[in-house]
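Asker: Before I ask anything, let me first share the structure, which is written out below as C-alpha cells.
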Amino acid sequence: MVINSRAFLAQISSEPVDPALVEAVVAGPEHGAVVLFTGVVRNHDGGKAVSALDYRAHPDAPRFLERCCTRVAAESGLQVAAVHRIGELAVGDIALAAAVAAPHRAAAFTTCATLVDRIKTEVPIWKRQMFAEGISAWVGV
C-alpha cells in the first residue's frame, strides 16, 4: 500500500476491497465531490454465464498502479485512490475500487473515469473468466 502526502492510495490486494477505505483516503472538508467507482464481478459476458473470475498480476503491477495513480493525480491536481484485487473472485465481489475527490463534481467524475481507464490499460493485471459450463478464458491477454 502506498499513501503519500497528496492523499492517494495505490494498492493491489488479495484481500476483499473495502470501498469505504478507498473513499476515506481522498475525502476531506475541502471537497464538494467524491466519486467512488466499484468494479464488480458480473454473472455474464458475451452471452455466457460467468461463475467466477481469477485475476493475476505481474510482480511489478504495484509499481505500475502507483505510477498510474501518481500521474492522474499530478495531471488533474486532484486526490486519487485505487485498490485492485487479485486472486479468485465470486460474482458480486469488488475487483476494483477507485475514488477521486474534487471541489466540484464534473472534475471528480471525469478524473475518476480517466483513472479507471488508465488502470485497465496500464497496469499488468490479467483476468481469467470461469464460465458456468466449466470452461475458462483469459480476457485481454
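Convention: chains lettered A, B, ... in C-alpha cells order; per-chain residue numbering from 1; ligands numbered from 1 as shown.
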Within 6 Å of range 43-54 of chain A, counting only C-alpha atoms, which residues qualify if same-chain residues fewer than 3 places away don't, as number ranges by chain?
Answerer: A: 87-91, 127-132
Asker: Please produce an output containing N, CA and C atoms for each residue in the selection, written as a short mmCIF file (atom, residue, chain, number, x, y, z; two decimals), in the first residue's frame.
Answerer:
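Written out: result08.cif:
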```cif
data_model
loop_
_atom_site.label_atom_id
_atom_site.label_comp_id
_atom_site.auth_asym_id
_atom_site.auth_seq_id
_atom_site.Cartn_x
_atom_site.Cartn_y
_atom_site.Cartn_z
N GLY A 87 -6.56 -12.66 -7.41
CA GLY A 87 -6.98 -13.95 -6.89
C GLY A 87 -8.35 -14.31 -7.43
N GLU A 88 -8.97 -15.31 -6.81
CA GLU A 88 -10.27 -15.79 -7.26
C GLU A 88 -11.37 -14.95 -6.64
N LEU A 89 -12.25 -14.43 -7.49
CA LEU A 89 -13.37 -13.60 -7.05
C LEU A 89 -14.68 -14.23 -7.50
N ALA A 90 -15.67 -14.15 -6.66
CA ALA A 90 -17.00 -14.67 -6.96
C ALA A 90 -17.86 -13.56 -7.56
N VAL A 91 -18.93 -13.94 -8.20
CA VAL A 91 -19.89 -12.97 -8.71
C VAL A 91 -20.33 -12.09 -7.55
N LYS A 127 -7.18 -11.16 -16.42
CA LYS A 127 -8.41 -11.75 -15.90
C LYS A 127 -8.72 -13.03 -16.65
N ARG A 128 -9.00 -14.08 -15.87
CA ARG A 128 -9.47 -15.35 -16.44
C ARG A 128 -10.90 -15.53 -15.98
N GLN A 129 -11.80 -15.69 -16.94
CA GLN A 129 -13.22 -15.89 -16.63
C GLN A 129 -13.52 -17.38 -16.58
N MET A 130 -14.21 -17.78 -15.54
CA MET A 130 -14.71 -19.14 -15.44
C MET A 130 -16.19 -19.11 -15.80
N PHE A 131 -16.54 -19.91 -16.78
CA PHE A 131 -17.92 -19.94 -17.25
C PHE A 131 -18.68 -21.09 -16.60
N ALA A 132 -19.98 -20.92 -16.52
CA ALA A 132 -20.85 -21.90 -15.86
C ALA A 132 -20.73 -23.29 -16.47
#
```
Asker: Give me every strand (DSSP E or B) residue in range 15-56 of chain A, going by DSSP on the backbone, as a list in words.
Answerer: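 Output for range 15-56 of chain A, strand (DSSP E or B) only: Ala33, Val34, Val35, Leu36, Phe37, Thr38, Gly39, Val40, His44, Asp45, Lys48, Ala49, Val50, Ser51, Ala52, Leu53, Asp54, Tyr55 and Arg56 of chain A.
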Asker: Could you save the residues just selected, with N, CA and C atoms, as a PDB file, in the first residue's frame?
Answerer:
```pdb
ATOM      1  N   ALA A  33     -17.129  17.090  -3.868  1.00  0.00           N
ATOM      2  CA  ALA A  33     -17.496  15.872  -4.585  1.00  0.00           C
ATOM      3  C   ALA A  33     -16.458  14.787  -4.343  1.00  0.00           C
ATOM      4  N   VAL A  34     -16.948  13.600  -4.064  1.00  0.00           N
ATOM      5  CA  VAL A  34     -16.107  12.405  -4.036  1.00  0.00           C
ATOM      6  C   VAL A  34     -16.808  11.388  -4.923  1.00  0.00           C
ATOM      7  N   VAL A  35     -16.122  10.957  -5.963  1.00  0.00           N
ATOM      8  CA  VAL A  35     -16.667   9.939  -6.850  1.00  0.00           C
ATOM      9  C   VAL A  35     -15.966   8.630  -6.540  1.00  0.00           C
ATOM     10  N   LEU A  36     -16.751   7.606  -6.265  1.00  0.00           N
ATOM     11  CA  LEU A  36     -16.241   6.274  -5.965  1.00  0.00           C
ATOM     12  C   LEU A  36     -16.754   5.310  -7.030  1.00  0.00           C
ATOM     13  N   PHE A  37     -15.831   4.635  -7.682  1.00  0.00           N
ATOM     14  CA  PHE A  37     -16.172   3.612  -8.670  1.00  0.00           C
ATOM     15  C   PHE A  37     -15.866   2.256  -8.064  1.00  0.00           C
ATOM     16  N   THR A  38     -16.800   1.318  -8.181  1.00  0.00           N
ATOM     17  CA  THR A  38     -16.516  -0.065  -7.812  1.00  0.00           C
ATOM     18  C   THR A  38     -16.798  -0.950  -9.012  1.00  0.00           C
ATOM     19  N   GLY A  39     -15.782  -1.667  -9.427  1.00  0.00           N
ATOM     20  CA  GLY A  39     -15.918  -2.647 -10.497  1.00  0.00           C
ATOM     21  C   GLY A  39     -16.255  -3.987  -9.863  1.00  0.00           C
ATOM     22  N   VAL A  40     -17.417  -4.517 -10.190  1.00  0.00           N
ATOM     23  CA  VAL A  40     -17.954  -5.708  -9.541  1.00  0.00           C
ATOM     24  C   VAL A  40     -18.005  -6.866 -10.535  1.00  0.00           C
ATOM     25  N   HIS A  44     -22.223 -12.504 -16.190  1.00  0.00           N
ATOM     26  CA  HIS A  44     -22.309 -12.816 -17.623  1.00  0.00           C
ATOM     27  C   HIS A  44     -21.248 -12.029 -18.393  1.00  0.00           C
ATOM     28  N   ASP A  45     -20.927 -12.536 -19.573  1.00  0.00           N
ATOM     29  CA  ASP A  45     -20.072 -11.816 -20.511  1.00  0.00           C
ATOM     30  C   ASP A  45     -20.250 -12.441 -21.886  1.00  0.00           C
ATOM     31  N   LYS A  48     -22.541 -15.451 -22.273  1.00  0.00           N
ATOM     32  CA  LYS A  48     -22.254 -16.655 -21.496  1.00  0.00           C
ATOM     33  C   LYS A  48     -22.373 -16.351 -20.013  1.00  0.00           C
ATOM     34  N   ALA A  49     -22.802 -17.350 -19.260  1.00  0.00           N
ATOM     35  CA  ALA A  49     -22.897 -17.216 -17.806  1.00  0.00           C
ATOM     36  C   ALA A  49     -21.506 -17.346 -17.185  1.00  0.00           C
ATOM     37  N   VAL A  50     -21.109 -16.348 -16.394  1.00  0.00           N
ATOM     38  CA  VAL A  50     -19.818 -16.344 -15.707  1.00  0.00           C
ATOM     39  C   VAL A  50     -20.045 -16.783 -14.269  1.00  0.00           C
ATOM     40  N   SER A  51     -19.211 -17.719 -13.803  1.00  0.00           N
ATOM     41  CA  SER A  51     -19.352 -18.202 -12.427  1.00  0.00           C
ATOM     42  C   SER A  51     -18.326 -17.573 -11.483  1.00  0.00           C
ATOM     43  N   ALA A  52     -17.178 -17.142 -12.002  1.00  0.00           N
ATOM     44  CA  ALA A  52     -16.134 -16.545 -11.164  1.00  0.00           C
ATOM     45  C   ALA A  52     -15.067 -15.924 -12.067  1.00  0.00           C
ATOM     46  N   LEU A  53     -14.194 -15.121 -11.460  1.00  0.00           N
ATOM     47  CA  LEU A  53     -13.035 -14.553 -12.152  1.00  0.00           C
ATOM     48  C   LEU A  53     -11.787 -14.866 -11.358  1.00  0.00           C
ATOM     49  N   ASP A  54     -10.673 -14.950 -12.057  1.00  0.00           N
ATOM     50  CA  ASP A  54      -9.371 -15.142 -11.419  1.00  0.00           C
ATOM     51  C   ASP A  54      -8.448 -14.067 -11.968  1.00  0.00           C
ATOM     52  N   TYR A  55      -8.059 -13.118 -11.109  1.00  0.00           N
ATOM     53  CA  TYR A  55      -7.162 -12.036 -11.511  1.00  0.00           C
ATOM     54  C   TYR A  55      -5.735 -12.383 -11.129  1.00  0.00           C
ATOM     55  N   ARG A  56      -4.810 -12.204 -12.077  1.00  0.00           N
ATOM     56  CA  ARG A  56      -3.386 -12.428 -11.849  1.00  0.00           C
ATOM     57  C   ARG A  56      -2.635 -11.147 -12.176  1.00  0.00           C
TER      58      ARG A  56
END
```
Asker: Compile the contact shell of range 15-25 of chain A as a PyMOL selection string: residues with an atom at most 6 Å away, counting only C-alpha atoms, same-chain residues fewer than 4 positions apart removed.
Answerer: chain A and resi 81+97+99
